[in-house]
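So this one's my_file-v9.cif, mmCIF, C-alpha atoms:
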data_entry
loop_
_atom_site.label_atom_id
_atom_site.label_comp_id
_atom_site.auth_asym_id
_atom_site.auth_seq_id
_atom_site.Cartn_x
_atom_site.Cartn_y
_atom_site.Cartn_z
CA MET A 75 16.83 89.01 139.67
CA ASP A 76 14.90 89.72 142.86
CA GLU A 77 14.19 87.39 145.78
CA GLU A 78 10.68 86.52 144.58
CA CYS A 79 11.93 85.41 141.15
CA LEU A 80 14.69 83.33 142.72
CA MET A 81 12.15 81.63 144.94
CA LYS A 82 10.07 80.77 141.88
CA VAL A 83 13.14 79.39 140.11
CA ASN A 84 13.87 77.36 143.21
CA GLU A 85 10.32 75.96 143.14
CA ILE A 86 10.74 74.99 139.50
CA ILE A 87 14.00 73.19 140.35
CA SER A 88 12.32 71.29 143.19
CA LEU A 89 9.39 70.32 140.98
CA CYS A 90 11.74 69.15 138.24
CA ASN A 91 13.78 67.10 140.71
CA ASP A 92 10.60 65.44 142.00
CA LEU A 93 9.41 64.82 138.47
CA HIS A 94 12.79 63.33 137.57
CA LEU A 95 12.63 60.91 140.50
CA GLY A 96 9.07 59.91 139.58
CA LEU A 97 10.03 59.34 135.97
CA LEU A 98 13.07 57.26 136.98
CA LYS A 99 10.80 55.05 139.08
CA PHE A 100 8.39 54.75 136.20
CA TYR A 101 11.23 53.91 133.81
CA GLY A 102 12.40 51.17 136.18
CA GLY A 103 8.93 49.62 135.87
CA LEU A 104 9.36 49.35 132.12
CA ASN A 105 11.95 46.58 132.48
CA PRO A 106 9.58 43.82 131.28
CA PHE A 107 8.91 45.80 128.09
CA ILE A 108 12.61 46.51 127.57
CA LYS A 109 13.45 42.80 127.96
CA LYS A 110 10.81 41.87 125.40
CA GLY A 111 11.96 44.61 122.99
CA ILE A 112 8.56 46.30 123.02
CA ALA A 113 8.43 49.96 121.98
CA LYS A 114 12.24 50.02 121.91
CA ALA A 115 12.63 53.39 120.18
CA GLU A 116 9.97 55.07 122.31
CA ILE A 117 11.49 53.80 125.55
CA LYS A 118 14.92 54.99 124.42
CA GLU A 119 13.46 58.44 123.72
CA LEU A 120 11.81 58.46 127.12
CA LYS A 121 15.14 57.67 128.76
CA GLU A 122 16.83 60.49 126.85
CA ALA A 123 14.08 62.89 127.90
CA ILE A 124 14.53 61.86 131.53
CA THR A 125 18.29 62.52 131.42
CA ASP A 126 17.65 65.81 129.57
CA LEU A 127 15.34 66.89 132.36
CA LYS A 128 18.05 66.12 134.91
CA GLU A 129 20.71 67.97 132.91
CA ILE A 130 18.58 71.06 132.33
CA THR A 131 17.56 71.20 135.98
CA GLN A 132 21.24 71.03 136.99
CA ASP A 133 22.03 73.83 134.53
CA VAL A 134 19.33 76.09 135.93
CA GLU A 135 20.53 75.39 139.46
CA SER A 136 24.10 76.16 138.39
CA ARG A 137 23.15 79.35 136.62
CA PHE A 138 20.95 80.86 139.34
CA PHE A 139 22.30 79.44 142.58
CA PHE A 140 25.69 77.74 142.51
CA LEU A 141 27.85 79.75 140.11
CA PRO A 142 26.75 83.20 141.38
CA GLN A 143 27.76 82.09 144.88
CA MET A 144 31.28 81.19 143.79
CA SER A 145 33.30 84.34 144.37
CA VAL A 146 35.98 83.18 141.93
CA PHE A 147 33.33 82.89 139.21
CA THR A 148 31.89 86.37 139.73
CA GLU A 149 35.38 87.87 139.89
CA ILE A 150 36.29 86.29 136.55
CA THR A 151 33.12 87.74 134.99
CA LYS A 152 34.10 91.21 136.18
CA GLU A 153 37.68 90.86 134.96
CA LEU A 154 36.67 89.52 131.57
CA GLU A 155 34.23 92.35 131.02
CA LEU A 156 37.09 94.82 131.43
CA ILE A 157 39.12 93.22 128.65
CA MET B 237 33.15 86.44 113.50
CA LYS B 238 36.52 85.21 114.67
CA ILE B 239 36.70 81.90 116.50
CA PHE B 240 39.34 81.06 119.07
CA CYS B 241 39.77 78.35 121.65
CA ILE B 242 41.79 77.59 124.73
CA GLU B 243 44.23 74.70 124.90
CA GLY B 244 41.79 72.55 126.90
CA PHE B 245 39.21 72.71 124.16
CA LYS B 246 41.74 71.65 121.50
CA VAL B 247 42.83 68.69 123.62
CA ALA B 248 39.24 67.56 124.28
CA PHE B 249 38.25 68.01 120.64
CA GLU B 250 41.20 66.03 119.29
CA LYS B 251 40.60 63.24 121.78
CA LEU B 252 36.98 62.93 120.70
CA LEU B 253 37.80 63.18 117.02
CA SER B 254 40.16 60.21 117.35
CA ARG B 255 37.26 58.01 118.53
CA LYS B 256 35.07 56.42 115.90
CA SER B 257 31.85 56.99 117.86
CA TYR B 258 32.46 60.74 118.01
CA LYS B 259 33.46 61.34 114.40
CA THR B 260 30.58 63.75 113.82
CA ILE B 261 32.04 66.29 116.23
CA GLU B 262 33.94 68.15 113.52
CA LYS B 263 30.92 68.51 111.23
CA ASP B 264 28.61 69.39 114.12
CA ILE B 265 30.89 72.21 115.21
CA ILE B 266 31.42 73.49 111.67
CA ASP B 267 27.68 73.44 110.96
CA TYR B 268 26.82 75.31 114.10
CA PHE B 269 29.59 77.89 114.37
CA PHE B 270 31.13 78.66 111.02
CA ASP B 271 29.80 81.20 108.51
CA LYS B 272 27.36 82.46 111.11
CA ASP B 273 26.58 85.84 112.52
CA ILE B 274 27.45 86.17 116.21
CA THR B 275 23.78 86.74 117.09
CA GLU B 276 22.94 83.31 115.69
CA ILE B 277 25.15 81.49 118.15
CA CYS B 278 24.02 83.27 121.30
CA SER B 279 21.32 80.74 122.11
CA GLY B 280 21.93 78.19 124.84
CA THR B 281 22.17 78.28 128.61
CA ARG B 282 23.86 81.47 129.76
CA LEU B 283 25.99 80.58 132.74
CA ASN B 284 27.10 84.08 133.66
CA ASN B 285 24.97 87.13 134.04
CA SER B 286 26.37 89.09 131.13
CA ASP B 287 24.65 90.36 128.01
CA ASP B 288 27.82 91.65 126.36
CA CYS B 289 30.09 88.73 127.16
CA PRO B 290 27.94 85.63 127.66
CA TYR B 291 29.38 82.32 128.81
CA ILE B 292 27.21 79.76 127.07
CA LYS B 293 26.57 76.06 127.33
CA LYS B 294 25.16 74.74 124.08
CA ARG B 295 23.63 71.34 123.49
CA LEU B 296 24.72 70.75 119.90
CA LYS B 297 22.04 68.90 117.94
CA GLY B 298 19.92 68.38 121.04
CA SER B 299 19.60 65.47 123.36
CA GLY B 300 22.30 62.86 122.87
CA SER B 301 25.03 64.87 121.23
CA PHE B 302 27.90 67.13 122.30
CA ARG B 303 27.84 69.80 124.98
CA LEU B 304 29.94 72.80 124.11
CA TYR B 305 31.01 75.61 126.43
CA TYR B 306 32.06 78.93 124.91
CA TYR B 307 32.55 82.55 125.70
CA ILE B 308 31.53 85.40 123.41
CA ILE B 309 32.85 88.93 123.32
CA ILE B 310 30.11 90.55 121.29
CA LYS B 311 31.78 93.94 120.85
CA ASN B 312 34.91 92.26 119.42
CA ASP B 313 32.85 89.91 117.26
CA CYS B 314 34.75 86.94 118.61
CA LEU B 315 34.07 83.68 120.32
CA CYS B 316 36.28 81.45 122.43
CA MET B 317 35.52 77.74 122.70
CA MET B 318 36.29 76.42 126.16
CA PHE B 319 35.34 72.79 126.45
CA VAL B 320 33.41 70.03 124.74
CA HIS B 321 32.13 66.70 125.97
CA PRO B 322 29.74 64.11 124.62
CA LYS B 323 26.67 63.02 126.50
CA THR B 324 26.78 59.41 125.39
CA ASP B 325 29.14 56.44 124.86
CA SER B 326 32.46 55.74 126.55
CA LEU B 327 33.60 59.34 127.16
CA GLY B 328 30.09 60.64 127.76
CA SER B 329 28.81 62.39 130.83
CA LEU B 330 25.53 64.01 131.76
CA ASN B 331 27.12 67.27 132.84
CA ILE B 332 30.28 68.82 134.21
CA THR B 333 30.63 70.08 137.78
CA ASP B 334 30.32 73.73 138.76
CA GLU B 335 33.99 73.67 139.72
CA HIS B 336 34.85 72.55 136.21
CA LYS B 337 32.65 75.31 134.74
CA ALA B 338 34.52 77.85 136.88
CA ASN B 339 37.94 76.38 136.03
CA ILE B 340 37.48 76.61 132.27
CA TYR B 341 36.16 80.14 132.73
CA LYS B 342 39.36 80.97 134.58
CA ASP B 343 41.39 79.35 131.79
CA VAL B 344 39.74 81.70 129.29
CA LEU B 345 40.63 84.75 131.36
CA GLU B 346 44.24 83.62 131.78
CA SER B 347 44.61 82.61 128.13
CA ILE B 348 43.26 85.93 126.87
CA LYS B 349 45.53 87.86 129.22
CA ALA B 350 48.56 85.82 128.15
CA ASN B 351 47.60 85.87 124.45
CA TYR B 352 47.68 82.12 124.57
CA LEU B 353 44.74 81.12 122.42
CA TYR B 354 44.35 79.13 119.25
CA PHE B 355 42.73 80.67 116.21
CA VAL B 356 40.19 78.19 114.85
CA SER B 357 39.41 78.07 111.15
CA LYS B 358 37.81 75.78 108.63
CA VAL B 359 39.84 74.44 105.73
CA GLU B 360 38.06 72.10 103.33
CA ASN B 361 35.56 71.09 106.00
CA LYS B 362 38.26 70.36 108.54
CA ILE B 363 38.88 72.34 111.68
CA VAL B 364 42.36 73.80 111.86
CA PHE B 365 44.01 75.24 114.96
CA GLU B 366 46.84 77.73 114.77
CA LYS B 367 48.53 79.59 117.58
CA GLN B 368 47.12 83.06 118.01
CA ARG B 369 49.18 85.75 116.33
CA THR B 370 49.68 89.18 117.85
CA ASP B 371 47.78 90.78 114.94
CA ASN B 372 44.83 88.43 115.37
CA LYS B 373 43.44 88.85 118.86
CA CYS B 374 40.19 87.91 120.51
#

As structure tokens:
Amino acid sequence: MDEECLMKVNEIISLCNDLHLGLLKFYGGLNPFIKKGIAKAEIKELKEAITDLKEITQDVESRFFFLPQMSVFTEITKELELI
Amino acid sequence: MKIFCIEGFKVAFEKLLSRKSYKTIEKDIIDYFFDKDITEICSGTRLNNSDDCPYIKKRLKGSGSFRLYYYIIIKNDCLCMMFVHPKTDSLGSLNITDEHKANIYKDVLESIKANYLYFVSKVENKIVFEKQRTDNKC
């Protein structure tokens, strides 16, 4: 993957992180609804979607930035491919 | 397709299976992996940059369920399960660290080299682990 693509991926990660923070703030504001048991299932689904967003963003970051920079990781890939 | 696993996967699986809230793990794994063509189980997040031997993170049954890490050797038609964790309840976590992802990857390499894997099969809808035999390699 070339530099331009990596920069785009990086932008996506930043946008997702910002979105995640915004959604967390929004979720915090739903406390009165949660206490009253309003839209229980929908709020639960929203919470799951927020954590999914966080998880997927971490995975993308791992895949494109963190793991490729770990020399031990890239060495293992090379060794395994020779087996 | 032959299915194998490293010791760490077996330990994590058995720990989860012993907990009431994670009882579905056995069925979820059987439904997703067994009696499937290798091309059907290649979807998921590819953590390494390999088309022939992908290291995959799979979110079994979507959002709240188990996260499974496995390694596929397509040319050998075999798969090696590396780790599993739930997302929810007492043993749940959102993700594992990059160091953990690298460590289990290293465990796969060392286990394959040492022929220290478990062969994973399904017997009457139960998952059975048996030590890898020399005539049954990954």

Using the chain letters and numbers from this file, what does the PyMOL selection byres ((chain B) within 9 of (chain A)) select? Give the answer as a PyMOL selection string. chain B and resi 281-286+288-289+293+299-300+309+330-331+333-335+337-339+341-342+344-345+348-349

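What the PyMOL selection byres ((chain A and resi 92-105) around 10) grabs from this file is Ile86, Ile87, Ser88, Leu89, Cys90, Asn91, Pro106, Phe107, Ile108, Lys109, Lys110, Gly111, Ile112, Ile117, Leu120, Lys121, Ala123, Ile124, Thr125, Asp126, Leu127, Lys128 and Thr131 of chain A.
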
Once the PyMOL selection byres ((chain B and resi 247) around 12) has been applied to the shown file, what residues remain in the selection, as number ranges by chain? B: 241-246, 248-254, 317-321, 354, 365

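Relative to CA of Ile332 in chain B, CA of Ile363 in chain B is found at 24.4 Å.
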
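Using all atoms listed in the file, the shortest contact distance between Phe355 in chain B and any of B:Leu315, B:Asp273, B:Lys297, B:Ile340 is found at B:Leu315.
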
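Pairwise distance (CA of Asn361 in chain B, CA of Lys238 in chain B) equals 16.6 Å.
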
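Coordinates place CA of Leu296 in chain B at a distance of 25.6 Å from CA of Gln368 in chain B.
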
Could you give me, as a ChimeraX atom specification, the residues that have an atom at most 12 Å away from the point (33.1, 54.7, 124.7) in the coordinates of the file, using only C-alpha atoms? /B:251-252,254-258,322-329
